[in-house]
Amino acid sequence: MSTSETPARTRVERYNPTEIEPRWQARWEELALHRTDLHDTSRPKYYLLTMYEYPSGDLHIGHWYIKTPTDAISRYRRMTGWNVFFPVGFDAFGLPAENAAIKSGAQPREWTMRNIEIMSRQLRTMGATFDWSSEVVTCEPEYYRWNQWFFLKFLEQGLAYRAMAPVDWCPKDQVVLAREQVEGANRVCWRCGTPVIKRDLEQWFLRITKYADELLDFKDIDWPEPIRVQQTNWIGRSEGAEVVFTTAPADHHPGGEELRVFTTRPDTLFGATFMVLAPEHPLVEALTAPSQKQAVDAYIYQTRRETEIERLSTDREKTGVPLGTDAINPVNGEGIPIWIADYVLAGYGTGAIMAVPAHDERDYAFAQKFGLPIRRVVAPPGTADDATLEAAYSAHTADERLVASSHYNGMTAPDGARAITIDLETRSLGKTSVTYRIRDWLISRQRPWGTPIPVVYCERDGIVAVPEDQLPVLLPDHWEYRAEGGNPLEHDEAFLNTTCPRCDGPARRETDTMDTFVDSSWYWWRYLSPHDDTQAIDRSLDEVWCPVDQYTGGAEHAVMHLLYSRFFCKALNDLGIVREREPFKRLFNQGQILGADGERMSKSRGNVQDPDDLVQRYGADSVRLFLMFMGPWDQGGPWSPTGINGVSGFLRRVWTVALDPHGHEGGDQAAGALPAGEDAAAAEHALRVAAHRTLQQVTEEHAGFRWNTMVAHLMELTNLLMRYRGTEVAGDAGWDEAERLLLLMLAPIAPHISEELWSRRLAAAGEEWRSIHAETWPTFDPALVAVDQIELPVQVNGKLRDLVQVAAGLPEAEIEALVMTRPKVQANLEGRTVVKVIHVPGRLVNIVVR
RNA sequence: GCGGAAGUGGUGGAACGGUAGACACGCUGGCCUUAGGAGCCAGUCCUCGCAAGAGGGUGAGGGUUCGAAUCCCUCCUUCCGCACCA
């Protein structure tokens with residue numbers, strides 16, 4: 001059998017990412033390609049930040065999903081002329097280190113540092129352009145001392161204060177529990193199974209509420225709408241009135257005590273038929289009649305076992321207990337019974353409400369359950385006075401009016417609200433008021449692995465701040481965990497015993513540490529000068545580099561980290577420490593990668609995808625590309641164990657067309673021949689046009705981080721090159737241009753293979769090596785992307801009936817005339833009258849017939 | 001429950017209010033030759049049909065429009081957050 005007619009399959013070197021990738025990573029490091037000169041002002045700066053990681057020990061595919069597209073942004077920005085700063089660090093304090101310590105006996109610090117080492121190594125396999133020279137690790141004293149310093153500044157400014165707040169408490173272990181340490185619907189301690197109860201402790205707060213109104217303003221930042229909405233709802237500004245009720249005298253109570261309520265509906269004050277206090281309200285004990293004491297105590301205990309989510313759920317049965325005392329309504333002197341119920345929270349408003357069952361759903365449900373009166377005070381015209389309310393009426397219509405409200409009758413609800421509030425104000429029994437759902441930030445944690453709060457308790461001077469020059473207050477190196485007795489710092493005599501900075505007498509250190517969200521509220525400033533021991537933030541670098549131009553990370557941080565960071569920025573600006581009032585100019589929230597089973601990845605479910613295995617098997621470039629290809633970046637989704645074959649095959653094809661343009665595989669009968677009716681000039685032109693159109697699309701896709709369609713477009717271009725492989729145009733100028741653009745476009749997203757093929761191109765051309773990542777992003781030729789022929793869909797009554805080829809720029813009338821002559825159109829027009837023709841130039845023609 | 005987001009082939013997804021299903025996975029068929037986690041070509045939304053073609057189709061139901069996956073309303077399902085996980 002002769003083989004002369006089909007050329008032997010060419011044997012090119014196989015694409016071998018495991019050989020290529022470490023080699024280029026080492027080269028880039030050697031050349032310090034990603035070390036950012038923060039003082040270089042020759043190019044515009046671009047601060048690119050991705051949320052730093054908690055060192056849990058394993059980098060999983062979700063970390064790659066955040067970081068590799070962000071790296072593509074970094075590389076693209078560099079190619080388009082920016083001085084990019086792209087740092088990396090670790091959020092190193094936190095509960096998992098303590099849990100591991102309790103389980104294994106290792107010290108949290110050792111465990112954390114070991115994990116950081118492992119994760120740093122794994123991070124390097126991504127081939128990302130992190131500037132490791134600015135790495136930050138928050139559990140290092142050189143970092144957390146500045147948390148302490150900020151705390152002292154906040155304390156001076158009244159932004160930090162101490163107050164009582166409930167914690168989840170295990171009565172057996174005598175320990176404060178984190179939410180995740182409280183298990184099951186019956187809320188028991190994770191270690192001993194004892195029912196958990198809320199207990200009040202003196203704790204430290206940061207006054208984020210001072211900035212509530214400013215935090216509602218997003219005009220200077222370009223953030224996704226859903227995040228802005230979530231923050232707005234979280235802050236939850238409500239305008240209304242505070243109204244002063246007084247208690248009525250009773251056998252057990254002299255009366256005359258003030259009871260302030262907050263309401264958004266002062267217009268419904270005449271409809272208040274009872275009052276509800278939060279079970280934690282300070283007056284509950286004094287107002288409870290002896291006959292009610294037992295029921296009230298039992299109810300308070302029950303409430304202290306519930307979560308706020310349970311308490312606020314609107315679809316569960318309402319519960320409550322009357323105290324046996326009345327409150328006097330200031331507008332009509334009427335006495336109404338006072339109840340306690342869990343749906344009223346101590347921390348919101350004044351912890352007390354006037355209940356207006358006719359006009360509030362929750363109050364309505366409560367009144368129904370306990371047979372309390374329901375009195376309508378707002379009604380649309382024509383409503384009979386005695387018509388029963390089937391549900392709370394809380395709608396607002398233009399023609400509704402106040403009824404049964406004394407001389408306010410006939411007013412609209414908003415007018416009534418204003419009038420009633422003004423009248424109360426003149427009697428000093430009320431005032432307009434604004435309440436926020438957001439509460440001050442509780443930063444105290446009764447745990448050892450965090451930043452010690454820098455205050456001491458002196459028998460003589462009370463609470464005394466540690467002076468700045470005595471910072472940092474160092475965590476002890478080692479501590480013992482006990483089965484009982486809570487925070488080990490409370491048993492560490494060397495840590496505990498100190499002297500009062502004011503009187504030099506004996507003092508005890510604060511053992512609470514800070515919420516780790518304090519660490520993450522300013523870490524991007526520290527990247528600029530991570531080892532500076534004279535100041536937290538280098539103001540001159542802040543002025544050049546901040547705010548962050550682009551921040552990337554998960555949407556699960558919408559209301560906590562991202563709000564705390566904005567708060568910190570404003571507070572630090574007020575302290576004169578930083579220049580800006582917003583930390584992150586632009587934000588992108590990527591989605592979450594789930595396990596192949598569609599569930600959240602976790603070790604216990606056994607569905608964690610390890611990137612190391614994938615890198616070993618397919619190479620980092622394939623993993624990067626697959627994560628970008630699987631769907632829109634903000635969407636995430638389940639991991640597909642087979643999908644990666646697609647991008648891996650794509651990169652092999654890129655390799656093949658680059659290194660073996662003249663060869664072809666044996667399976668295609670038409671291989672080596674140009675498409676029918678196409679000559680070499682047409683083929684070359686087709687390649688050029690495709691390359692430049694792809695470049696135009698890819699450039700646009702970079703602006704919107706649309707990686708999935710970007711990869712698809714690069715696949716199309718590669719498929720086209722594959723089609724012309726082995727033909728007479730392979731390797732010609734048009735082919736070569738397409739090939740060159742393909743590699744440049746690939747560089748930000750698949751950095752290793754593009755660097756390898758680029759270096760071989762340069763070598764083949766006898767040119768000196770220069771990294772593809774130092775090349776300039778190409779620009780497309782407008783003449784080549786211009787469209788000359790368009791395929792125009794023709795519809796009859798909105799249904800597709802035909803496609804016509806027309807020259808771009810053909811006059812509309814000519815197109816319409818042409819369309820009418822088409823047989824398929826004719827067939828559909830037969831026997832019907834043309835009503836009108838909709839012609840969207842360049843898009844379609846729709847003929848409407850009757 | 002409250003707040004946010006998403007529902008399109010067997011699967012991941014594509015589609016400025018204008019040709020639904022680009023690009024892939026998987027599967028089927030053909031080819032190549034041989035050990036490569038291979039490669040090449042073709043087909044692949046559903047129904048009817050050899051085909052040309054016809055009809056249906058974007059979670060469900062309604063609406064706006066010449067035209068709706070896209071906009072509006074109601075409902076259903078899934079995912080994320082709810083303040084001590086980070």
# chains A, B, ... in the order shown; residues from 1 in each chain; ligands from 1
call {"tool": "residues_around", "arguments": {"residues": "B:A14", "least_positions_apart": "3", "cutoff": "9 Å", "atoms": "only C-alpha atoms (C1' of nucleotides)", "output": "list of chain:residue names"}}
result
A:Thr709, B:G21, B:A22, B:C23
call {"tool": "write_last_selection", "arguments": {"atoms": "C-alpha atoms (C1' of nucleotides)", "output": "tab-separated table (two decimals), in the first residue's frame"}}
result
chain	number	residue	atom	x	y	z
A	709	THR	CA	-17.01	34.24	25.45
B	21	G	C1'	-28.90	27.13	21.34
B	22	A	C1'	-22.34	30.49	19.53
B	23	C	C1'	-18.24	27.86	21.94
call {"tool": "residues_around", "arguments": {"residues": "A:Glu242", "least_positions_apart": "5", "cutoff": "10 Å", "atoms": "only C-alpha atoms (C1' of nucleotides)", "output": "list in words"}}
result
Arg260, Val261, Phe262, Thr263, Thr264, Pro266, Gly349, Thr350, Ile353, Thr421, Leu424, Glu425, Leu429, Gly430, Lys431, Thr432, Ser433, Val434 and Thr435 of chain A
call {"tool": "closest_residue", "arguments": {"among": "A:Arg579, A:Arg109, A:His713, A:Arg427", "to": "A:Trp449", "atoms": "only C-alpha atoms"}}
result
A:Arg109
call {"tool": "select_by_dssp", "arguments": {"residues": "stretch 385-503 of chain A", "states": "alpha helix (DSSP H)", "output": "list in words"}}
result
Ala413, Pro414, Asp415, Gly416, Ala417, Arg418, Ala419, Ile420, Thr421, Ile422, Asp423, Leu424, Glu425, Thr426, Glu493, Ala494, Phe495 and Leu496 of chain A
call {"tool": "write_last_selection", "arguments": {"atoms": "N, CA, C and O atoms", "output": "mmCIF file, in the first residue's frame"}}
result
data_model
loop_
_atom_site.group_PDB
_atom_site.id
_atom_site.type_symbol
_atom_site.label_atom_id
_atom_site.label_comp_id
_atom_site.auth_asym_id
_atom_site.auth_seq_id
_atom_site.Cartn_x
_atom_site.Cartn_y
_atom_site.Cartn_z
ATOM 1 N N ALA A 413 -52.597 60.063 55.374
ATOM 2 C CA ALA A 413 -51.681 59.429 56.326
ATOM 3 C C ALA A 413 -50.397 60.250 56.527
ATOM 4 O O ALA A 413 -50.010 60.504 57.675
ATOM 5 N N PRO A 414 -49.741 60.695 55.451
ATOM 6 C CA PRO A 414 -48.516 61.486 55.663
ATOM 7 C C PRO A 414 -48.788 62.803 56.395
ATOM 8 O O PRO A 414 -48.023 63.179 57.292
ATOM 9 N N ASP A 415 -49.902 63.482 56.049
ATOM 10 C CA ASP A 415 -50.238 64.732 56.756
ATOM 11 C C ASP A 415 -50.518 64.455 58.221
ATOM 12 O O ASP A 415 -50.103 65.199 59.108
ATOM 13 N N GLY A 416 -51.263 63.380 58.469
ATOM 14 C CA GLY A 416 -51.592 63.007 59.839
ATOM 15 C C GLY A 416 -50.336 62.717 60.635
ATOM 16 O O GLY A 416 -50.210 63.133 61.793
ATOM 17 N N ALA A 417 -49.404 61.992 60.011
ATOM 18 C CA ALA A 417 -48.158 61.647 60.704
ATOM 19 C C ALA A 417 -47.421 62.922 61.116
ATOM 20 O O ALA A 417 -46.962 63.048 62.255
ATOM 21 N N ARG A 418 -47.357 63.878 60.181
ATOM 22 C CA ARG A 418 -46.670 65.133 60.485
ATOM 23 C C ARG A 418 -47.367 65.893 61.598
ATOM 24 O O ARG A 418 -46.750 66.326 62.564
ATOM 25 N N ALA A 419 -48.687 66.018 61.478
ATOM 26 C CA ALA A 419 -49.458 66.804 62.458
ATOM 27 C C ALA A 419 -49.366 66.188 63.850
ATOM 28 O O ALA A 419 -49.136 66.896 64.849
ATOM 29 N N ILE A 420 -49.520 64.885 63.919
ATOM 30 C CA ILE A 420 -49.473 64.221 65.230
ATOM 31 C C ILE A 420 -48.094 64.367 65.849
ATOM 32 O O ILE A 420 -47.948 64.668 67.044
ATOM 33 N N THR A 421 -47.056 64.229 65.036
ATOM 34 C CA THR A 421 -45.693 64.339 65.568
ATOM 35 C C THR A 421 -45.421 65.754 66.078
ATOM 36 O O THR A 421 -44.845 65.941 67.160
ATOM 37 N N ILE A 422 -45.853 66.753 65.298
ATOM 38 C CA ILE A 422 -45.627 68.139 65.722
ATOM 39 C C ILE A 422 -46.349 68.430 67.035
ATOM 40 O O ILE A 422 -45.790 69.019 67.966
ATOM 41 N N ASP A 423 -47.602 67.956 67.145
ATOM 42 C CA ASP A 423 -48.357 68.194 68.376
ATOM 43 C C ASP A 423 -47.694 67.528 69.574
ATOM 44 O O ASP A 423 -47.645 68.094 70.670
ATOM 45 N N LEU A 424 -47.188 66.300 69.369
ATOM 46 C CA LEU A 424 -46.505 65.606 70.466
ATOM 47 C C LEU A 424 -45.234 66.346 70.855
ATOM 48 O O LEU A 424 -44.880 66.455 72.027
ATOM 49 N N GLU A 425 -44.575 66.878 69.850
ATOM 50 C CA GLU A 425 -43.314 67.573 70.098
ATOM 51 C C GLU A 425 -43.537 68.802 70.973
ATOM 52 O O GLU A 425 -42.769 69.068 71.895
ATOM 53 N N THR A 426 -44.636 69.524 70.712
ATOM 54 C CA THR A 426 -44.892 70.720 71.521
ATOM 55 C C THR A 426 -45.220 70.340 72.967
ATOM 56 O O THR A 426 -44.994 71.122 73.877
ATOM 57 N N GLU A 493 -1.338 33.789 83.453
ATOM 58 C CA GLU A 493 -0.985 34.813 84.450
ATOM 59 C C GLU A 493 0.009 35.827 83.879
ATOM 60 O O GLU A 493 -0.078 37.011 84.148
ATOM 61 N N ALA A 494 0.950 35.320 83.073
ATOM 62 C CA ALA A 494 1.974 36.221 82.534
ATOM 63 C C ALA A 494 1.344 37.261 81.607
ATOM 64 O O ALA A 494 1.767 38.415 81.571
ATOM 65 N N PHE A 495 0.319 36.842 80.878
ATOM 66 C CA PHE A 495 -0.364 37.781 79.992
ATOM 67 C C PHE A 495 -1.265 38.718 80.794
ATOM 68 O O PHE A 495 -1.272 39.938 80.592
ATOM 69 N N LEU A 496 -1.986 38.106 81.728
ATOM 70 C CA LEU A 496 -3.004 38.851 82.467
ATOM 71 C C LEU A 496 -2.448 39.968 83.336
ATOM 72 O O LEU A 496 -2.959 41.081 83.343
#
call {"tool": "closest_residue", "arguments": {"among": "B:C25, B:A52, B:C71, B:A35", "to": "B:G12", "atoms": "only C-alpha atoms (C1' of nucleotides)"}}
result
B:C25
call {"tool": "interface_residues", "arguments": {"of": "chain B", "to": "chain A", "cutoff": "12 Å", "atoms": "only C-alpha atoms (C1' of nucleotides)", "output": "ChimeraX atom specification"}}
result
/B:1-6,11-16,18-20,22-26,30-33,36-42,53-54,65-68,78-86
call {"tool": "select_by_dssp", "arguments": {"residues": "stretch 487-672 of chain A", "states": "strand (DSSP E)", "output": "list of chain:residue names"}}
result
A:Asn497, A:Thr498, A:Thr499, A:Pro506, A:Ala507, A:Arg508, A:Arg509, A:Thr513, A:Met514, A:Gln550, A:Tyr551, A:Thr552, A:Gly553, A:Gly554, A:Leu587, A:Phe588, A:Asn589, A:Gln590, A:Gln592, A:Ile593, A:Leu594, A:Gly636, A:Gly637, A:Pro638
call {"tool": "write_last_selection", "arguments": {"atoms": "N, CA, C and O atoms", "output": "compact mmCIF listing (two decimals), in the first residue's frame"}}
result
# COMPACT_ATOMS: atom_id res chain seq x y z
N ASN A 497 -1.39 39.64 84.10
CA ASN A 497 -0.92 40.58 85.11
C ASN A 497 -0.02 41.63 84.50
O ASN A 497 0.97 41.33 83.84
N THR A 498 -0.39 42.86 84.73
CA THR A 498 0.40 43.96 84.19
C THR A 498 0.27 45.13 85.15
O THR A 498 -0.33 44.99 86.23
N THR A 499 0.82 46.25 84.77
CA THR A 499 0.69 47.42 85.64
C THR A 499 -0.10 48.48 84.91
O THR A 499 -0.10 48.54 83.67
N PRO A 506 -1.20 47.54 90.20
CA PRO A 506 -1.51 46.28 89.51
C PRO A 506 -2.74 46.43 88.64
O PRO A 506 -3.68 47.14 89.01
N ALA A 507 -2.68 45.80 87.50
CA ALA A 507 -3.81 45.87 86.58
C ALA A 507 -3.91 44.54 85.83
O ALA A 507 -2.96 43.76 85.80
N ARG A 508 -5.08 44.32 85.27
CA ARG A 508 -5.35 43.09 84.54
C ARG A 508 -5.61 43.45 83.08
O ARG A 508 -6.35 44.40 82.79
N ARG A 509 -5.00 42.65 82.19
CA ARG A 509 -5.22 42.95 80.77
C ARG A 509 -6.61 42.52 80.31
O ARG A 509 -7.15 41.54 80.80
N THR A 513 -10.23 39.54 72.31
CA THR A 513 -9.47 39.90 71.12
C THR A 513 -10.44 40.47 70.08
O THR A 513 -11.65 40.47 70.28
N MET A 514 -9.86 40.94 68.96
CA MET A 514 -10.71 41.62 67.96
C MET A 514 -11.24 40.64 66.91
O MET A 514 -10.54 39.72 66.51
N GLN A 550 -9.53 48.23 41.30
CA GLN A 550 -10.44 47.10 41.07
C GLN A 550 -10.27 46.10 42.19
O GLN A 550 -9.16 45.68 42.50
N TYR A 551 -11.39 45.74 42.81
CA TYR A 551 -11.38 44.73 43.88
C TYR A 551 -12.19 43.55 43.38
O TYR A 551 -13.25 43.73 42.77
N THR A 552 -11.69 42.32 43.61
CA THR A 552 -12.45 41.14 43.21
C THR A 552 -12.60 40.21 44.41
O THR A 552 -11.69 40.09 45.22
N GLY A 553 -13.74 39.56 44.51
CA GLY A 553 -13.97 38.64 45.61
C GLY A 553 -15.43 38.24 45.67
O GLY A 553 -16.24 38.67 44.84
N GLY A 554 -15.75 37.42 46.64
CA GLY A 554 -17.07 36.82 46.68
C GLY A 554 -18.18 37.75 47.16
O GLY A 554 -17.97 38.61 48.01
N LEU A 587 -15.79 47.33 42.03
CA LEU A 587 -15.88 46.04 42.68
C LEU A 587 -16.46 45.03 41.71
O LEU A 587 -17.38 45.35 40.94
N PHE A 588 -15.91 43.82 41.73
CA PHE A 588 -16.53 42.74 40.97
C PHE A 588 -16.68 41.55 41.88
O PHE A 588 -15.74 41.16 42.55
N ASN A 589 -17.89 40.97 41.90
CA ASN A 589 -18.12 39.79 42.71
C ASN A 589 -18.23 38.58 41.82
O ASN A 589 -19.19 38.43 41.08
N GLN A 590 -17.26 37.70 41.92
CA GLN A 590 -17.36 36.47 41.15
C GLN A 590 -18.28 35.50 41.89
O GLN A 590 -18.54 35.66 43.08
N GLN A 592 -19.57 31.47 42.98
CA GLN A 592 -18.93 30.46 43.80
C GLN A 592 -18.90 29.13 43.07
O GLN A 592 -19.88 28.73 42.45
N ILE A 593 -17.75 28.46 43.15
CA ILE A 593 -17.63 27.13 42.56
C ILE A 593 -18.16 26.11 43.55
O ILE A 593 -17.74 26.09 44.71
N LEU A 594 -19.09 25.31 43.10
CA LEU A 594 -19.64 24.26 43.95
C LEU A 594 -18.99 22.93 43.57
O LEU A 594 -18.34 22.81 42.54
N GLY A 636 -20.44 31.52 38.83
CA GLY A 636 -19.93 30.31 39.48
C GLY A 636 -20.67 29.08 38.98
O GLY A 636 -21.12 29.06 37.85
N GLY A 637 -20.78 28.07 39.84
CA GLY A 637 -21.51 26.89 39.45
C GLY A 637 -20.79 25.62 39.83
O GLY A 637 -19.68 25.67 40.35
N PRO A 638 -21.42 24.47 39.58
CA PRO A 638 -20.80 23.20 39.96
C PRO A 638 -19.59 22.87 39.10
O PRO A 638 -19.54 23.22 37.92
call {"tool": "closest_residue", "arguments": {"among": "A:Glu812, A:Asp634, A:Glu317, A:Asp621", "to": "A:Ala72", "atoms": "only C-alpha atoms"}}
result
A:Asp621
call {"tool": "residues_around", "arguments": {"residues": "A:Ile328", "least_positions_apart": "3", "cutoff": "8 Å", "atoms": "only C-alpha atoms (C1' of nucleotides)", "output": "NGL selection string"}}
result
:A and (245-248 or 333-336)
call {"tool": "write_last_selection", "arguments": {"atoms": "all heavy atoms", "output": "tab-separated table (two decimals), in the first residue's frame"}}
result
chain	number	residue	atom	x	y	z
A	245	PHE	N	-44.81	57.06	75.77
A	245	PHE	CA	-45.93	56.56	76.56
A	245	PHE	C	-45.51	56.61	78.03
A	245	PHE	O	-44.33	56.74	78.33
A	245	PHE	CB	-46.26	55.10	76.19
A	245	PHE	CG	-47.00	54.94	74.87
A	245	PHE	CD1	-46.43	55.33	73.68
A	245	PHE	CD2	-48.28	54.37	74.84
A	245	PHE	CE1	-47.11	55.18	72.46
A	245	PHE	CE2	-48.96	54.21	73.65
A	245	PHE	CZ	-48.37	54.61	72.45
A	246	THR	N	-46.48	56.53	78.94
A	246	THR	CA	-46.12	56.42	80.36
A	246	THR	C	-46.84	55.21	80.93
A	246	THR	O	-47.88	54.79	80.42
A	246	THR	CB	-46.54	57.67	81.17
A	246	THR	OG1	-47.88	58.00	80.81
A	246	THR	CG2	-45.62	58.83	80.89
A	247	THR	N	-46.26	54.66	81.99
A	247	THR	CA	-46.90	53.49	82.59
A	247	THR	C	-48.01	53.92	83.52
A	247	THR	O	-47.92	54.96	84.20
A	247	THR	CB	-45.88	52.64	83.36
A	247	THR	OG1	-45.27	53.45	84.36
A	247	THR	CG2	-44.80	52.10	82.42
A	248	ALA	N	-49.08	53.11	83.57
A	248	ALA	CA	-50.20	53.38	84.48
A	248	ALA	C	-49.88	52.78	85.85
A	248	ALA	O	-49.19	51.77	85.94
A	248	ALA	CB	-51.47	52.75	83.91
A	333	GLY	N	-54.83	59.45	76.16
A	333	GLY	CA	-54.86	59.07	77.57
A	333	GLY	C	-55.38	57.67	77.83
A	333	GLY	O	-55.60	57.27	78.98
A	334	GLU	N	-55.51	56.90	76.76
A	334	GLU	CA	-56.05	55.56	76.91
A	334	GLU	C	-55.00	54.60	77.47
A	334	GLU	O	-53.83	54.67	77.10
A	334	GLU	CB	-56.48	55.09	75.52
A	334	GLU	CG	-57.32	53.85	75.52
A	334	GLU	CD	-57.69	53.41	74.10
A	334	GLU	OE1	-57.33	54.14	73.13
A	334	GLU	OE2	-58.32	52.36	73.95
A	335	GLY	N	-55.46	53.68	78.32
A	335	GLY	CA	-54.54	52.67	78.84
A	335	GLY	C	-54.58	51.44	77.96
A	335	GLY	O	-55.64	50.95	77.58
A	336	ILE	N	-53.41	50.95	77.57
A	336	ILE	CA	-53.35	49.73	76.75
A	336	ILE	C	-52.41	48.75	77.44
A	336	ILE	O	-51.43	49.16	78.07
A	336	ILE	CB	-52.88	50.02	75.31
A	336	ILE	CG1	-51.54	50.77	75.30
A	336	ILE	CG2	-53.94	50.84	74.55
A	336	ILE	CD1	-50.97	51.00	73.91
call {"tool": "residues_around", "arguments": {"residues": "A:Val608", "least_positions_apart": "2", "cutoff": "10 Å", "atoms": "only C-alpha atoms (C1' of nucleotides)", "output": "PyMOL selection string"}}
result
chain A and resi 58-62+594-596+599-606+610-611+639
call {"tool": "residues_around", "arguments": {"residues": "stretch 22-35 of chain A", "least_positions_apart": "6", "cutoff": "9 Å", "atoms": "only C-alpha atoms (C1' of nucleotides)", "output": "list in words"}}
result
Val84, Phe85, Phe86, Arg124, Thr125, Gly127, Ala128, Thr129, Phe130, Asp131, Trp132, Ser133, Ser134, His752, Glu755, Glu756, Ser771, His773 and Ala774 of chain A
call {"tool": "residues_around", "arguments": {"residues": "A:Gln302", "least_positions_apart": "4", "cutoff": "12 Å", "atoms": "only C-alpha atoms (C1' of nucleotides)", "output": "ChimeraX atom specification"}}
result
/A:186-187,195-198,279-280,295-298,306-307,310-311,319-321,341-342
call {"tool": "residues_around", "arguments": {"residues": "stretch 359-367 of chain A", "least_positions_apart": "2", "cutoff": "9 Å", "atoms": "only C-alpha atoms (C1' of nucleotides)", "output": "JSON, numbers by chain"}}
result
{"A": [265, 268, 271, 273, 274, 314, 317, 318, 319, 320, 343, 355, 356, 357, 369, 370, 371, 372, 373, 374, 375, 376, 377, 378, 391, 392, 393, 394, 395]}
call {"tool": "decode", "arguments": {"residues": "stretch 105-117 of chain A", "atoms": "N, CA, C and O atoms", "output": "tab-separated table (two decimals), in the first residue's frame"}}
result
chain	number	residue	atom	x	y	z
A	105	GLY	N	-3.91	19.55	69.28
A	105	GLY	CA	-2.93	19.97	70.27
A	105	GLY	C	-1.86	20.91	69.71
A	105	GLY	O	-1.05	21.44	70.44
A	106	ALA	N	-1.87	21.13	68.38
A	106	ALA	CA	-0.90	22.08	67.82
A	106	ALA	C	-1.28	23.50	68.23
A	106	ALA	O	-2.45	23.79	68.44
A	107	GLN	N	-0.32	24.37	68.33
A	107	GLN	CA	-0.62	25.76	68.65
A	107	GLN	C	-1.19	26.43	67.40
A	107	GLN	O	-0.73	26.15	66.28
A	108	PRO	N	-2.18	27.33	67.58
A	108	PRO	CA	-2.78	28.00	66.41
A	108	PRO	C	-1.74	28.66	65.50
A	108	PRO	O	-1.87	28.63	64.28
A	109	ARG	N	-0.73	29.22	66.11
A	109	ARG	CA	0.27	29.91	65.29
A	109	ARG	C	1.02	28.93	64.39
A	109	ARG	O	1.19	29.19	63.20
A	110	GLU	N	1.44	27.82	64.98
A	110	GLU	CA	2.18	26.83	64.18
A	110	GLU	C	1.31	26.31	63.03
A	110	GLU	O	1.75	26.21	61.90
A	111	TRP	N	0.08	25.96	63.40
A	111	TRP	CA	-0.86	25.44	62.41
A	111	TRP	C	-1.05	26.44	61.28
A	111	TRP	O	-1.00	26.11	60.09
A	112	THR	N	-1.24	27.70	61.63
A	112	THR	CA	-1.50	28.75	60.65
A	112	THR	C	-0.29	28.96	59.74
A	112	THR	O	-0.42	29.03	58.51
A	113	MET	N	0.91	29.04	60.35
A	113	MET	CA	2.10	29.32	59.55
A	113	MET	C	2.42	28.16	58.61
A	113	MET	O	2.85	28.37	57.48
A	114	ARG	N	2.15	26.95	59.06
A	114	ARG	CA	2.39	25.79	58.20
A	114	ARG	C	1.44	25.86	56.99
A	114	ARG	O	1.83	25.63	55.86
A	115	ASN	N	0.20	26.20	57.27
A	115	ASN	CA	-0.78	26.30	56.18
A	115	ASN	C	-0.42	27.41	55.19
A	115	ASN	O	-0.64	27.27	53.99
A	116	ILE	N	0.09	28.50	55.72
A	116	ILE	CA	0.47	29.60	54.84
A	116	ILE	C	1.58	29.14	53.89
A	116	ILE	O	1.57	29.45	52.69
A	117	GLU	N	2.51	28.35	54.44
A	117	GLU	CA	3.59	27.84	53.61
A	117	GLU	C	3.04	26.96	52.49
A	117	GLU	O	3.42	27.11	51.32
